[in-house]
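K.L.:
Sending over upload-v2.pdb (PDB, C-alpha atoms and all ligand atoms).
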ATOM      1  CA  MET A   1       5.987  23.837 -14.707
ATOM      2  CA  LYS A   2       5.058  27.498 -14.936
ATOM      3  CA  VAL A   3       1.411  28.573 -14.807
ATOM      4  CA  VAL A   4       0.851  31.549 -17.115
ATOM      5  CA  ARG A   5      -2.377  33.531 -16.869
ATOM      6  CA  SER A   6      -1.544  36.541 -19.006
ATOM      7  CA  VAL A   7      -2.087  36.305 -22.766
ATOM      8  CA  LEU A   8       0.716  38.764 -23.500
ATOM      9  CA  GLN A   9       3.163  36.949 -21.256
ATOM     10  CA  MET A  10       2.354  33.596 -22.870
ATOM     11  CA  GLN A  11       2.827  35.063 -26.336
ATOM     12  CA  ASP A  12       6.095  36.677 -25.289
ATOM     13  CA  ILE A  13       7.444  33.397 -23.854
ATOM     14  CA  CYS A  14       6.495  31.456 -26.996
ATOM     15  CA  VAL A  15       7.914  34.011 -29.415
ATOM     16  CA  LYS A  16      11.213  33.938 -27.497
ATOM     17  CA  LEU A  17      11.272  30.129 -27.520
ATOM     18  CA  LEU A  18      10.628  30.120 -31.255
ATOM     19  CA  GLY A  19      13.460  32.638 -31.687
ATOM     20  CA  LYS A  20      15.758  30.141 -29.984
ATOM     21  CA  GLY A  21      14.651  27.522 -32.505
ATOM     22  CA  LYS A  22      12.689  25.423 -29.972
ATOM     23  CA  SER A  23       9.811  23.238 -31.154
ATOM     24  CA  ILE A  24       6.600  23.824 -29.217
ATOM     25  CA  GLY A  25       4.009  21.092 -28.737
ATOM     26  CA  PHE A  26       0.564  22.373 -27.771
ATOM     27  CA  VAL A  27      -2.421  20.650 -26.159
ATOM     28  CA  PRO A  28      -5.510  22.881 -25.873
ATOM     29  CA  THR A  29      -8.079  21.681 -23.328
ATOM     30  CA  MET A  30     -11.014  22.884 -21.283
ATOM     31  CA  GLY A  31      -9.548  21.284 -18.157
ATOM     32  CA  ALA A  32     -11.046  18.680 -15.823
ATOM     33  CA  LEU A  33      -8.088  16.719 -17.111
ATOM     34  CA  HIS A  34      -8.338  12.978 -17.595
ATOM     35  CA  GLU A  35      -6.347  10.198 -19.196
ATOM     36  CA  GLY A  36      -7.502  11.289 -22.695
ATOM     37  CA  HIS A  37      -5.938  14.737 -22.237
ATOM     38  CA  LEU A  38      -2.860  13.269 -20.563
ATOM     39  CA  SER A  39      -2.236  10.900 -23.477
ATOM     40  CA  LEU A  40      -2.059  13.948 -25.765
ATOM     41  CA  MET A  41       0.314  15.721 -23.366
ATOM     42  CA  ARG A  42       2.656  12.749 -23.066
ATOM     43  CA  ARG A  43       2.918  12.401 -26.831
ATOM     44  CA  ALA A  44       3.376  16.149 -27.321
ATOM     45  CA  GLY A  45       6.115  16.068 -24.677
ATOM     46  CA  ARG A  46       7.947  13.275 -26.487
ATOM     47  CA  GLU A  47       7.779  14.971 -29.879
ATOM     48  CA  ASN A  48       8.681  18.559 -28.959
ATOM     49  CA  GLU A  49      11.306  20.409 -26.950
ATOM     50  CA  ILE A  50       8.724  22.510 -25.102
ATOM     51  CA  LEU A  51       5.234  21.441 -24.028
ATOM     52  CA  VAL A  52       2.472  24.022 -23.623
ATOM     53  CA  ALA A  53      -1.036  22.997 -22.516
ATOM     54  CA  SER A  54      -3.940  25.359 -22.085
ATOM     55  CA  ILE A  55      -6.995  25.213 -19.878
ATOM     56  CA  PHE A  56      -9.744  27.523 -21.034
ATOM     57  CA  VAL A  57     -13.464  26.871 -20.773
ATOM     58  CA  ASN A  58     -14.329  28.919 -23.820
ATOM     59  CA  PRO A  59     -17.750  30.569 -23.408
ATOM     60  CA  THR A  60     -18.210  31.223 -27.125
ATOM     61  CA  GLN A  61     -18.433  27.532 -27.999
ATOM     62  CA  PHE A  62     -21.308  26.839 -25.596
ATOM     63  CA  GLY A  63     -24.930  27.385 -26.554
ATOM     64  CA  PRO A  64     -27.192  29.426 -24.230
ATOM     65  CA  LYS A  65     -28.773  26.276 -22.791
ATOM     66  CA  GLU A  66     -25.537  24.322 -22.517
ATOM     67  CA  ASP A  67     -23.331  23.559 -19.518
ATOM     68  CA  TYR A  68     -20.828  26.480 -19.572
ATOM     69  CA  ARG A  69     -21.543  27.462 -15.965
ATOM     70  CA  LYS A  70     -21.521  23.990 -14.505
ATOM     71  CA  TYR A  71     -18.553  22.718 -16.556
ATOM     72  CA  PRO A  72     -16.092  21.238 -13.983
ATOM     73  CA  ARG A  73     -13.063  23.421 -13.112
ATOM     74  CA  PRO A  74     -10.895  21.435 -10.655
ATOM     75  CA  PHE A  75      -7.830  23.636 -11.108
ATOM     76  CA  SER A  76      -5.433  22.416  -8.415
ATOM     77  CA  ARG A  77      -5.920  18.791  -9.488
ATOM     78  CA  ASP A  78      -5.439  19.807 -13.135
ATOM     79  CA  ARG A  79      -2.252  21.644 -12.276
ATOM     80  CA  GLN A  80      -0.814  18.524 -10.590
ATOM     81  CA  LEU A  81      -1.784  16.245 -13.483
ATOM     82  CA  ALA A  82      -0.331  18.618 -16.073
ATOM     83  CA  LYS A  83       2.921  18.856 -14.130
ATOM     84  CA  LYS A  84       3.153  15.052 -13.864
ATOM     85  CA  SER A  85       2.553  14.774 -17.613
ATOM     86  CA  GLY A  86       5.572  16.917 -18.439
ATOM     87  CA  VAL A  87       3.885  20.247 -19.232
ATOM     88  CA  ASP A  88       6.412  23.121 -19.196
ATOM     89  CA  TYR A  89       3.894  25.969 -19.451
ATOM     90  CA  LEU A  90       0.262  25.683 -18.368
ATOM     91  CA  PHE A  91      -1.615  28.545 -20.000
ATOM     92  CA  VAL A  92      -4.772  29.426 -18.053
ATOM     93  CA  PRO A  93      -6.163  32.676 -19.455
ATOM     94  CA  SER A  94      -9.265  34.368 -18.092
ATOM     95  CA  VAL A  95     -12.316  35.095 -20.238
ATOM     96  CA  SER A  96     -11.590  38.824 -20.009
ATOM     97  CA  GLY A  97      -7.964  38.184 -20.962
ATOM     98  CA  MET A  98      -9.004  36.289 -24.082
ATOM     99  CA  TYR A  99     -11.900  38.578 -25.004
ATOM    100  CA  PRO A 100     -10.981  42.002 -23.533
ATOM    101  CA  GLU A 101     -13.108  43.993 -25.941
ATOM    102  CA  GLY A 102     -15.542  41.334 -27.041
ATOM    103  CA  LEU A 103     -14.896  40.009 -30.524
ATOM    104  CA  SER A 104     -15.468  41.635 -33.886
ATOM    105  CA  CYS A 105     -13.763  38.774 -35.741
ATOM    106  CA  SER A 106     -14.864  35.216 -36.109
ATOM    107  CA  VAL A 107     -13.237  32.367 -37.992
ATOM    108  CA  ARG A 108     -15.659  29.995 -39.670
ATOM    109  CA  VAL A 109     -14.923  26.779 -41.521
ATOM    110  CA  GLN A 110     -17.736  26.383 -44.007
ATOM    111  CA  GLY A 111     -18.984  23.027 -45.112
ATOM    112  CA  LEU A 112     -17.953  20.746 -42.279
ATOM    113  CA  THR A 113     -19.472  22.635 -39.378
ATOM    114  CA  HIS A 114     -23.217  22.385 -39.972
ATOM    115  CA  LEU A 115     -23.125  18.580 -39.944
ATOM    116  CA  LEU A 116     -23.146  16.069 -37.045
ATOM    117  CA  CYS A 117     -22.598  18.026 -33.783
ATOM    118  CA  GLY A 118     -22.885  21.311 -35.674
ATOM    119  CA  ALA A 119     -26.522  20.556 -36.500
ATOM    120  CA  SER A 120     -27.553  20.380 -32.847
ATOM    121  CA  ARG A 121     -24.986  22.922 -31.572
ATOM    122  CA  PRO A 122     -25.305  25.906 -33.929
ATOM    123  CA  GLY A 123     -22.333  28.272 -33.638
ATOM    124  CA  HIS A 124     -20.326  25.765 -31.600
ATOM    125  CA  PHE A 125     -17.601  25.242 -34.198
ATOM    126  CA  ASP A 126     -17.304  28.980 -34.905
ATOM    127  CA  GLY A 127     -16.452  29.360 -31.216
ATOM    128  CA  VAL A 128     -13.951  26.506 -31.468
ATOM    129  CA  THR A 129     -12.190  27.681 -34.634
ATOM    130  CA  THR A 130     -12.011  31.269 -33.417
ATOM    131  CA  VAL A 131     -10.529  30.372 -30.039
ATOM    132  CA  VAL A 132      -8.131  27.830 -31.588
ATOM    133  CA  THR A 133      -6.954  30.518 -34.039
ATOM    134  CA  LYS A 134      -6.331  32.851 -31.097
ATOM    135  CA  LEU A 135      -4.527  30.126 -29.144
ATOM    136  CA  PHE A 136      -2.350  29.252 -32.156
ATOM    137  CA  ASN A 137      -1.436  32.930 -32.544
ATOM    138  CA  ILE A 138      -0.521  33.135 -28.852
ATOM    139  CA  VAL A 139       1.369  29.830 -28.535
ATOM    140  CA  CYS A 140       2.854  29.530 -32.087
ATOM    141  CA  PRO A 141       2.959  25.737 -31.829
ATOM    142  CA  SER A 142       5.026  23.521 -34.128
ATOM    143  CA  ARG A 143       2.572  20.692 -33.464
ATOM    144  CA  ALA A 144      -0.886  20.711 -31.853
ATOM    145  CA  TYR A 145      -2.547  17.604 -30.478
ATOM    146  CA  PHE A 146      -6.244  16.764 -30.634
ATOM    147  CA  GLY A 147      -8.284  13.651 -29.836
ATOM    148  CA  GLN A 148     -10.209  11.476 -32.284
ATOM    149  CA  LYS A 149     -12.880  11.496 -29.569
ATOM    150  CA  ASP A 150     -13.959  14.802 -31.159
ATOM    151  CA  TYR A 151     -13.544  13.561 -34.724
ATOM    152  CA  GLN A 152     -15.458  16.435 -36.279
ATOM    153  CA  GLN A 153     -13.515  19.022 -34.279
ATOM    154  CA  ALA A 154     -10.208  17.534 -35.452
ATOM    155  CA  SER A 155     -11.441  17.559 -39.085
ATOM    156  CA  VAL A 156     -12.568  21.181 -38.797
ATOM    157  CA  ILE A 157      -9.238  22.222 -37.300
ATOM    158  CA  LYS A 158      -7.253  20.425 -40.001
ATOM    159  CA  LYS A 159      -9.286  22.332 -42.593
ATOM    160  CA  LEU A 160      -8.747  25.626 -40.722
ATOM    161  CA  VAL A 161      -4.987  25.043 -40.684
ATOM    162  CA  LYS A 162      -4.915  24.100 -44.350
ATOM    163  CA  ASP A 163      -7.124  26.933 -45.593
ATOM    164  CA  LEU A 164      -5.427  29.670 -43.543
ATOM    165  CA  ASN A 165      -1.842  28.347 -43.897
ATOM    166  CA  PHE A 166      -1.061  27.972 -40.218
ATOM    167  CA  SER A 167       2.410  26.514 -39.864
ATOM    168  CA  VAL A 168       1.381  23.918 -37.314
ATOM    169  CA  LYS A 169       1.107  20.167 -37.752
ATOM    170  CA  ILE A 170      -2.125  18.717 -36.393
ATOM    171  CA  VAL A 171      -1.706  15.354 -34.681
ATOM    172  CA  VAL A 172      -4.848  13.339 -33.904
ATOM    173  CA  MET A 173      -4.632  10.737 -31.149
ATOM    174  CA  PRO A 174      -6.796   7.651 -30.486
ATOM    175  CA  ILE A 175      -9.773   7.668 -28.129
ATOM    176  CA  VAL A 176      -8.867   6.702 -24.569
ATOM    177  CA  ARG A 177     -11.573   4.615 -22.880
ATOM    178  CA  GLU A 178     -12.552   3.489 -19.402
ATOM    179  CA  LYS A 179     -12.017  -0.234 -18.706
ATOM    180  CA  ASP A 180     -15.621  -0.967 -19.683
ATOM    181  CA  GLY A 181     -15.305   0.883 -22.998
ATOM    182  CA  LEU A 182     -16.949   4.245 -22.241
ATOM    183  CA  ALA A 183     -14.920   6.995 -23.910
ATOM    184  CA  ILE A 184     -13.395   9.150 -21.172
ATOM    185  CA  SER A 185     -14.918  12.621 -21.085
ATOM    186  CA  SER A 186     -14.996  15.491 -18.592
ATOM    187  CA  ARG A 187     -18.793  15.325 -18.961
ATOM    188  CA  ASN A 188     -18.918  11.742 -17.625
ATOM    189  CA  LYS A 189     -18.731  13.430 -14.194
ATOM    190  CA  TYR A 190     -22.326  14.600 -14.655
ATOM    191  CA  LEU A 191     -23.655  11.023 -14.804
ATOM    192  CA  SER A 192     -25.467   9.502 -11.826
ATOM    193  CA  PRO A 193     -24.548   5.846 -11.093
ATOM    194  CA  LYS A 194     -27.646   4.710 -13.037
ATOM    195  CA  GLU A 195     -26.782   6.954 -15.976
ATOM    196  CA  ARG A 196     -23.152   5.802 -15.908
ATOM    197  CA  LYS A 197     -24.430   2.244 -16.449
ATOM    198  CA  ALA A 198     -26.800   3.391 -19.183
ATOM    199  CA  ALA A 199     -23.963   5.297 -20.907
ATOM    200  CA  LEU A 200     -22.386   1.986 -21.866
ATOM    201  CA  VAL A 201     -24.925   1.923 -24.679
ATOM    202  CA  LEU A 202     -22.544   4.110 -26.715
ATOM    203  CA  TYR A 203     -19.771   1.532 -26.613
ATOM    204  CA  ARG A 204     -22.203  -1.340 -27.175
ATOM    205  CA  VAL A 205     -23.526   0.332 -30.300
ATOM    206  CA  LEU A 206     -20.005   1.033 -31.550
ATOM    207  CA  SER A 207     -19.092  -2.603 -31.002
ATOM    208  CA  MET A 208     -22.236  -3.783 -32.816
ATOM    209  CA  ALA A 209     -21.433  -1.468 -35.697
ATOM    210  CA  LYS A 210     -17.829  -2.707 -35.850
ATOM    211  CA  ASP A 211     -19.056  -6.327 -35.966
ATOM    212  CA  ILE A 212     -21.417  -5.524 -38.820
ATOM    213  CA  PHE A 213     -18.672  -3.751 -40.783
ATOM    214  CA  ALA A 214     -16.105  -6.479 -40.076
ATOM    215  CA  SER A 215     -18.392  -9.080 -41.625
ATOM    216  CA  GLY A 216     -16.810  -8.119 -44.959
ATOM    217  CA  LYS A 217     -19.994  -7.151 -46.808
ATOM    218  CA  SER A 218     -20.680  -3.572 -47.903
ATOM    219  CA  PRO A 219     -23.924  -2.937 -46.062
ATOM    220  CA  LYS A 220     -26.241  -0.052 -46.832
ATOM    221  CA  ALA A 221     -25.711   2.671 -44.240
ATOM    222  CA  LYS A 222     -29.433   3.203 -43.732
ATOM    223  CA  ASP A 223     -29.982  -0.485 -42.875
ATOM    224  CA  VAL A 224     -27.169  -0.475 -40.325
ATOM    225  CA  ILE A 225     -28.389   2.777 -38.791
ATOM    226  CA  LYS A 226     -31.965   1.522 -38.556
ATOM    227  CA  LYS A 227     -30.823  -1.596 -36.715
ATOM    228  CA  LEU A 228     -28.610   0.359 -34.309
ATOM    229  CA  LYS A 229     -31.250   3.008 -33.653
ATOM    230  CA  SER A 230     -33.807   0.375 -32.726
ATOM    231  CA  PHE A 231     -31.283  -1.143 -30.301
ATOM    232  CA  ILE A 232     -30.719   2.289 -28.732
ATOM    233  CA  ALA A 233     -34.470   2.953 -28.502
ATOM    234  CA  ASN A 234     -34.759   0.064 -26.008
ATOM    235  CA  GLU A 235     -32.074   1.453 -23.720
ATOM    236  CA  PRO A 236     -33.195   3.219 -20.531
ATOM    237  CA  LEU A 237     -32.469   6.941 -19.980
ATOM    238  CA  THR A 238     -31.210   7.342 -23.533
ATOM    239  CA  LYS A 239     -32.273   9.746 -26.277
ATOM    240  CA  ILE A 240     -30.720   9.943 -29.721
ATOM    241  CA  ASP A 241     -29.210  13.185 -31.016
ATOM    242  CA  TYR A 242     -27.681  11.517 -34.069
ATOM    243  CA  VAL A 243     -26.440   8.139 -35.275
ATOM    244  CA  LYS A 244     -24.590   8.494 -38.561
ATOM    245  CA  ILE A 245     -22.168   6.902 -40.956
ATOM    246  CA  VAL A 246     -20.243   9.618 -42.752
ATOM    247  CA  ASN A 247     -17.390  10.028 -45.177
ATOM    248  CA  GLY A 248     -14.207  10.442 -43.097
ATOM    249  CA  LYS A 249     -13.124  13.531 -45.056
ATOM    250  CA  ASN A 250     -16.218  15.596 -45.895
ATOM    251  CA  LEU A 251     -18.410  14.249 -43.042
ATOM    252  CA  LYS A 252     -21.372  13.799 -45.369
ATOM    253  CA  ASP A 253     -23.693  10.823 -44.958
ATOM    254  CA  VAL A 254     -22.678   7.807 -47.031
ATOM    255  CA  LYS A 255     -25.016   5.364 -48.715
ATOM    256  CA  THR A 256     -22.727   2.334 -48.768
ATOM    257  CA  VAL A 257     -20.250   1.757 -45.963
ATOM    258  CA  ARG A 258     -16.551   1.678 -46.900
ATOM    259  CA  THR A 259     -13.170   1.641 -45.156
ATOM    260  CA  GLY A 260     -12.306   5.118 -43.879
ATOM    261  CA  ASP A 261     -15.942   6.092 -43.264
ATOM    262  CA  VAL A 262     -16.761   7.108 -39.717
ATOM    263  CA  PHE A 263     -19.531   5.762 -37.545
ATOM    264  CA  ALA A 264     -20.411   8.612 -35.189
ATOM    265  CA  LEU A 265     -23.073   9.034 -32.567
ATOM    266  CA  ALA A 266     -24.313  11.559 -30.029
ATOM    267  CA  LEU A 267     -26.727  10.428 -27.341
ATOM    268  CA  TYR A 268     -28.310  12.077 -24.364
ATOM    269  CA  ILE A 269     -27.970   9.974 -21.236
ATOM    270  CA  GLY A 270     -30.420  11.714 -18.947
ATOM    271  CA  SER A 271     -29.543  15.354 -19.634
ATOM    272  CA  THR A 272     -25.877  14.699 -20.459
ATOM    273  CA  ARG A 273     -24.918  14.671 -24.126
ATOM    274  CA  LEU A 274     -22.132  12.198 -24.934
ATOM    275  CA  ILE A 275     -20.394  11.540 -28.251
ATOM    276  CA  ASP A 276     -18.303   8.679 -29.575
ATOM    277  CA  ASN A 277     -17.090   7.373 -32.915
ATOM    278  CA  THR A 278     -15.060   4.761 -34.708
ATOM    279  CA  ILE A 279     -13.248   4.829 -38.026
ATOM    280  CA  ILE A 280     -14.466   1.901 -40.078
ATOM    281  CA  ARG A 281     -11.775  -0.603 -41.074
ATOM    282  CA  ARG A 282     -12.754  -3.725 -42.943
TER
HETATM  283  P1  LIG A 301     -11.710  19.080 -24.100
HETATM  284  O1  LIG A 301     -11.051  19.437 -22.811
HETATM  285  O2  LIG A 301     -12.920  18.243 -23.951
HETATM  286  O3  LIG A 301     -11.906  20.273 -25.002
HETATM  287  O4  LIG A 301     -10.668  18.159 -24.864
HETATM  288  C1  LIG A 301      -9.356  18.585 -25.138
HETATM  289  C2  LIG A 301      -8.724  17.616 -26.106
HETATM  290  O5  LIG A 301      -8.684  16.315 -25.535
HETATM  291  C3  LIG A 301      -9.521  17.496 -27.417
HETATM  292  O6  LIG A 301      -8.618  17.431 -28.493
HETATM  293  C4  LIG A 301     -10.256  16.201 -27.231
HETATM  294  O7  LIG A 301     -10.568  15.543 -28.447
HETATM  295  C5  LIG A 301      -9.243  15.391 -26.440
HETATM  296  N1  LIG A 301      -9.918  14.299 -25.729
HETATM  297  C6  LIG A 301     -11.025  14.403 -24.946
HETATM  298  N2  LIG A 301     -11.389  13.167 -24.511
HETATM  299  C7  LIG A 301     -10.513  12.292 -25.045
HETATM  300  C8  LIG A 301     -10.369  10.873 -24.980
HETATM  301  N3  LIG A 301     -11.197  10.108 -24.280
HETATM  302  N4  LIG A 301      -9.351  10.298 -25.659
HETATM  303  C9  LIG A 301      -8.493  11.072 -26.383
HETATM  304  N5  LIG A 301      -8.573  12.405 -26.487
HETATM  305  C10 LIG A 301      -9.567  13.014 -25.818
END
What is this file in structure tokens?
Ligand code: AMP

P.N.:
Amino acid sequence: MKVVRSVLQMQDICVKLLGKGKSIGFVPTMGALHEGHLSLMRRAGRENEILVASIFVNPTQFGPKEDYRKYPRPFSRDRQLAKKSGVDYLFVPSVSGMYPEGLSCSVRVQGLTHLLCGASRPGHFDGVTTVVTKLFNIVCPSRAYFGQKDYQQASVIKKLVKDLNFSVKIVVMPIVREKDGLAISSRNKYLSPKERKAALVLYRVLSMAKDIFASGKSPKAKDVIKKLKSFIANEPLTKIDYVKIVNGKNLKDVKTVRTGDVFALALYIGSTRLIDNTIIRR
């Protein structure tokens, strides 16, 4: 595995590989790699001749009060995990390499980005779509792999690719969970032992929601949400950001719950904000 830090060098390598007709699978990450990231890498490795993964903690997608500075950056561990997962090129650009003269351009996906996480993280998705556009232009991937864990992000990126005619196929992979059900996240590292226990509320609520939906009736979304919110309100150390049932395509709130809708939630456990979701199947 080759570690590439220079943007120009990465672009040069990828353009040459494309010229030789190689398919490039790409997994963009912010590092602190875990089994969720590695599942994307393994699949990308199986489906493409060349596997490129990136590690870039992108400052423009963090709000001023968010965790950009304290975001974990365990590079030597990440390098080992990426190598074990079959990565050919690990692209690790610097902030000044990615934004040498600041940025006059920004790529915005209208419509989907002010909802759900976008409501409490203004500007977040503009940072994501702009950096993903840059990464796609550098890596020229045939396929790029994202996790359903960030359902909204994957939806926004699919729309970006469609609207701007990127020739990359977006593959979305299932959420990888800890044994007890907590969705694996780099931010789980922030949790104290007490908070780690409390964080199970996310999975409990998802399971409750799934049970309600599996009952076969078409419940009113607001009734389900009310019930789940009152369950969450009794949980220690927990504060609700949002609990929503949305249309799987346009991410707007639904009134009646149907197959393909998405139950999505964001909760603060102590000061750590965690998200999770499930696609409703009935
Ligand atoms: P991040 O490093 O948090 O930006 O995540 C990089 C990619 O890994 C994104 O596409 C995430 O959706 C995906 N990802 C993060 N956590 C998980 C997980 N638990 N299961 C599957 N994919 C994940």

K.L.:
Between A:Ser207, A:Ser271, A:Ser104, A:Asn277, which one has atoms that come closest to ligand LIG 301 (chain A), using all atoms listed in the file?

P.N.:
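With all atoms listed in the file as the atom set, the closest residue is A:Asn277.
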
K.L.:
Just the residues within 8 Å of range 253-259 of chain A, please, counting all atoms listed in the file, with nothing from its chain fewer than 6 positions along; format it as a PyMOL selection string.

P.N.:
chain A and resi 213+218-222+244-247+279-282

K.L.:
Could you write out that same residue set with C-alpha atoms as a tab-separated table (two decimals), in the coordinates of the input?

P.N.:
chain	number	residue	atom	x	y	z
A	213	PHE	CA	-18.67	-3.75	-40.78
A	218	SER	CA	-20.68	-3.57	-47.90
A	219	PRO	CA	-23.92	-2.94	-46.06
A	220	LYS	CA	-26.24	-0.05	-46.83
A	221	ALA	CA	-25.71	2.67	-44.24
A	222	LYS	CA	-29.43	3.20	-43.73
A	244	LYS	CA	-24.59	8.49	-38.56
A	245	ILE	CA	-22.17	6.90	-40.96
A	246	VAL	CA	-20.24	9.62	-42.75
A	247	ASN	CA	-17.39	10.03	-45.18
A	279	ILE	CA	-13.25	4.83	-38.03
A	280	ILE	CA	-14.47	1.90	-40.08
A	281	ARG	CA	-11.78	-0.60	-41.07
A	282	ARG	CA	-12.75	-3.72	-42.94

K.L.:
Using all atoms listed in the file, which of the listed residues (A:Val4, A:Val168, A:Ile157, A:Met173) sits closest to ligand LIG 301 (chain A)?

P.N.:
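Going through A:Val4, A:Val168, A:Ile157, A:Met173 one by one, the smallest distance to ligand LIG 301 (chain A) is for A:Met173.
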
K.L.:
Determine, using all atoms listed in the file, which residues of chain A have any atom at most 10 Å from an atom of ligand LIG 301 (chain A), and tabulate each with its shortest atom pair and distance in Å to one decimal place, rows ordered by chain and then rising number, as a Markdown table.

P.N.:
| residue | atom | partner | partner_atom | distance |
| --- | --- | --- | --- | --- |
| A:Val27 | CA | A:LIG301 | C2 | 7.0 |
| A:Pro28 | CA | A:LIG301 | C1 | 5.8 |
| A:Thr29 | CA | A:LIG301 | O1 | 3.8 |
| A:Met30 | CA | A:LIG301 | O1 | 3.8 |
| A:Gly31 | CA | A:LIG301 | O1 | 5.2 |
| A:Ala32 | CA | A:LIG301 | O1 | 7.0 |
| A:Leu33 | CA | A:LIG301 | O1 | 7.0 |
| A:His34 | CA | A:LIG301 | N2 | 7.6 |
| A:Glu35 | CA | A:LIG301 | N3 | 7.0 |
| A:Gly36 | CA | A:LIG301 | N4 | 3.6 |
| A:His37 | CA | A:LIG301 | O5 | 4.6 |
| A:Leu38 | CA | A:LIG301 | O5 | 8.2 |
| A:Ser39 | CA | A:LIG301 | C9 | 6.9 |
| A:Leu40 | CA | A:LIG301 | N5 | 6.7 |
| A:Met41 | CA | A:LIG301 | O5 | 9.3 |
| A:Ala53 | CA | A:LIG301 | C1 | 9.8 |
| A:Ser54 | CA | A:LIG301 | C1 | 9.2 |
| A:Ile55 | CA | A:LIG301 | O1 | 7.6 |
| A:Phe56 | CA | A:LIG301 | O1 | 8.4 |
| A:Val57 | CA | A:LIG301 | O3 | 8.0 |
| A:Asn58 | CA | A:LIG301 | O3 | 9.1 |
| A:Val128 | CA | A:LIG301 | O3 | 9.2 |
| A:Ala144 | CA | A:LIG301 | O6 | 9.0 |
| A:Tyr145 | CA | A:LIG301 | O6 | 6.4 |
| A:Phe146 | CA | A:LIG301 | O6 | 3.3 |
| A:Gly147 | CA | A:LIG301 | O7 | 3.3 |
| A:Gln148 | CA | A:LIG301 | O7 | 5.6 |
| A:Lys149 | CA | A:LIG301 | O7 | 4.8 |
| A:Asp150 | CA | A:LIG301 | O7 | 4.4 |
| A:Tyr151 | CA | A:LIG301 | O7 | 7.2 |
| A:Gln152 | CA | A:LIG301 | O7 | 9.3 |
| A:Gln153 | CA | A:LIG301 | O7 | 7.4 |
| A:Ala154 | CA | A:LIG301 | O6 | 7.1 |
| A:Val171 | CA | A:LIG301 | O6 | 9.5 |
| A:Val172 | CA | A:LIG301 | O6 | 7.8 |
| A:Met173 | CA | A:LIG301 | C9 | 6.1 |
| A:Pro174 | CA | A:LIG301 | C9 | 5.6 |
| A:Ile175 | CA | A:LIG301 | N4 | 3.6 |
| A:Val176 | CA | A:LIG301 | N4 | 3.8 |
| A:Arg177 | CA | A:LIG301 | N3 | 5.7 |
| A:Glu178 | CA | A:LIG301 | N3 | 8.3 |
| A:Leu182 | CA | A:LIG301 | N3 | 8.5 |
| A:Ala183 | CA | A:LIG301 | N3 | 4.9 |
| A:Ile184 | CA | A:LIG301 | N3 | 3.9 |
| A:Ser185 | CA | A:LIG301 | N2 | 4.9 |
| A:Ser186 | CA | A:LIG301 | O2 | 6.4 |
| A:Arg187 | CA | A:LIG301 | O2 | 8.2 |
| A:Ile275 | CA | A:LIG301 | N2 | 9.9 |
| A:Asp276 | CA | A:LIG301 | N3 | 9.0 |

K.L.:
Would you mind listing what lies within 12 Å of Pro64 in chain A as number ranges by chain, with all atoms listed in the file counted and same-chain residues fewer than 4 positions away left out?

P.N.:
A: 59-60, 68-69, 121-124

K.L.:
Include C-alpha atoms and write out the residues we just selected as a PDB file, in the frame of the given file.

P.N.:
ATOM      1  CA  PRO A  59     -17.750  30.569 -23.408  1.00  0.00           C
ATOM      2  CA  THR A  60     -18.210  31.223 -27.125  1.00  0.00           C
ATOM      3  CA  TYR A  68     -20.828  26.480 -19.572  1.00  0.00           C
ATOM      4  CA  ARG A  69     -21.543  27.462 -15.965  1.00  0.00           C
ATOM      5  CA  ARG A 121     -24.986  22.922 -31.572  1.00  0.00           C
ATOM      6  CA  PRO A 122     -25.305  25.906 -33.929  1.00  0.00           C
ATOM      7  CA  GLY A 123     -22.333  28.272 -33.638  1.00  0.00           C
ATOM      8  CA  HIS A 124     -20.326  25.765 -31.600  1.00  0.00           C
TER       9      HIS A 124
END

K.L.:
Given only C-alpha atoms as the basis, pick out the residue of A:Pro193, A:Gly181, A:Gly216, A:Pro141 nearest to Lys22 in chain A.

P.N.:
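Ranked by minimum distance to Lys22 in chain A, first place goes to A:Pro141.
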
K.L.:
When you count only C-alpha atoms, which of these residues is closest to Lys252 in chain A: A:Ala264, A:Lys2, A:Arg42, A:Pro93?

P.N.:
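Counting only C-alpha atoms, the residue closest to Lys252 in chain A is A:Ala264.
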
K.L.:
Which neighbours of Ser6 in chain A fall inside 9 Å, counting only C-alpha atoms, when residues of the same chain fewer than 4 positions from it are skipped, and could you give them as a list in words?

P.N.:
Met10, Gln11, Phe91, Val92, Pro93, Ser94 and Gly97 of chain A

K.L.:
Rank nothing, just name the residue among A:Ser85, A:Leu274, A:Phe263, A:Ser230 nearest to Lys210 in chain A, using all atoms listed in the file.

P.N.:
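Checking each candidate against Lys210 in chain A, we get A:Phe263 as the closest.
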
K.L.:
Find the residue from A:Val95, A:Ala82, A:Leu160, A:Ile225 that sits nearest to Met1 in chain A; use only C-alpha atoms when measuring.

P.N.:
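Of A:Val95, A:Ala82, A:Leu160, A:Ile225, the one nearest Met1 in chain A, counting only C-alpha atoms, is A:Ala82.
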
K.L.:
Have a look at CA of Tyr89 in chain A and CA of Thr130 in chain A and let me know their distance in Å, one decimal.

P.N.:
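Taking CA of Tyr89 in chain A and CA of Thr130 in chain A, their separation equals 21.8 Å.
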
K.L.:
If you measure from CA of Gly260 in chain A to CA of Ser167 in chain A, what distance in Å do you get, rounded to one decimal?

P.N.:
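Pair CA of Gly260 in chain A / CA of Ser167 in chain A returns 26.3 Å.
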
K.L.:
Quick check, in Å to one decimal: how far apart do CA of Leu116 in chain A and CA of Leu251 in chain A lie?

P.N.:
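Taking CA of Leu116 in chain A and CA of Leu251 in chain A, their separation equals 7.9 Å.
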
K.L.:
Taking the file as I've supplied it (selection: the PyMOL selection byres (((chain A and resi 205) around 10) and not hetatm)), which residues are included? Please answer as a PyMOL selection string.

P.N.:
chain A and resi 200-204+206-211+227-229+231-232+243+263+265+276-277
